[in-house]
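Data first, discussion second: the structure below is written as structure tokens.
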Amino acid sequence: MATKKYTVTLPEELAEEIRSEVGPGAFSAYVTRAIERQREHDRLGELVERLEGEYGPVTDADLAAAEAERREIERWFEEQEAGAAPDRKAA
């Protein structure tokens, strides 16, 4: 991907905190990843708005059903991991 240099104004404390964590050579990559994530978030927000306009808002019942399904899937993965883990007592 081609790159181009831009001038961006950031709060100094935030920029220095990031630079100290990632190092000066990785600062631009960090900012690029942050912008990419924000764009994804914005696009998801647009999708939610479009879907809610077409189908109506998400109800509490929908949220509860989705959360129950998430917990069920999480339990399934935990069971799979527990079944695949070697028995440490036998060693």
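For the structure tokens, the naming scheme is as follows: chains receive sequential letters (A, B, ...) according to their order of presentation, residues are indexed from 1 within each chain, and ligands are indexed from 1 in presentation order.
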
- request: Excluding region 14-22 of chain A and any residue of its chain fewer than 6 positions from it, enumerate the residues within 12 Å of it, using only C-alpha atoms, and give them as a PyMOL selection string.
  value: chain A and resi 8+28-31+34

Using the selection just defined, write its residues with all heavy atoms as a compact mmCIF listing (two decimals), in the first residue's frame.
```
# COMPACT_ATOMS: atom_id res chain seq x y z
N VAL A 8 -0.75 15.75 11.60
CA VAL A 8 -1.92 15.56 12.45
C VAL A 8 -1.58 16.12 13.82
O VAL A 8 -0.49 15.90 14.34
CB VAL A 8 -2.26 14.05 12.57
CG1 VAL A 8 -3.44 13.83 13.49
CG2 VAL A 8 -2.52 13.46 11.20
N SER A 28 3.57 5.37 13.74
CA SER A 28 2.69 5.53 12.57
C SER A 28 1.84 4.29 12.36
O SER A 28 0.65 4.39 12.04
CB SER A 28 3.51 5.82 11.31
OG SER A 28 4.07 7.12 11.37
N ALA A 29 2.42 3.11 12.52
CA ALA A 29 1.65 1.87 12.36
C ALA A 29 0.55 1.80 13.40
O ALA A 29 -0.58 1.37 13.11
CB ALA A 29 2.57 0.66 12.46
N TYR A 30 0.84 2.22 14.62
CA TYR A 30 -0.16 2.20 15.70
C TYR A 30 -1.32 3.13 15.35
O TYR A 30 -2.49 2.75 15.47
CB TYR A 30 0.50 2.64 17.01
CG TYR A 30 -0.42 2.58 18.20
CD1 TYR A 30 -0.46 1.46 19.01
CD2 TYR A 30 -1.25 3.65 18.52
CE1 TYR A 30 -1.31 1.40 20.11
CE2 TYR A 30 -2.11 3.59 19.60
CZ TYR A 30 -2.13 2.48 20.40
OH TYR A 30 -2.98 2.42 21.48
N VAL A 31 -1.00 4.33 14.90
CA VAL A 31 -2.04 5.30 14.55
C VAL A 31 -2.85 4.79 13.36
O VAL A 31 -4.08 4.91 13.35
CB VAL A 31 -1.41 6.69 14.26
CG1 VAL A 31 -2.45 7.65 13.69
CG2 VAL A 31 -0.78 7.27 15.52
N ALA A 34 -5.28 2.25 14.60
CA ALA A 34 -6.35 2.89 15.36
C ALA A 34 -7.38 3.53 14.41
O ALA A 34 -8.59 3.41 14.63
CB ALA A 34 -5.77 3.95 16.30
```

- request: DSSP on the backbone, then: every residue of chain A marked alpha helix (DSSP H), written as a ChimeraX atom specification.
  value: /A:12-22,27-55,60-84

message: Report as a list in words all protein, DNA and RNA residues lying within 12 Å of Lys4 (chain A), evaluated on only C-alpha atoms, omitting residues in the same chain fewer than 3 positions from it.
response: Met1, Thr7, Ser28 and Thr32 of chain A
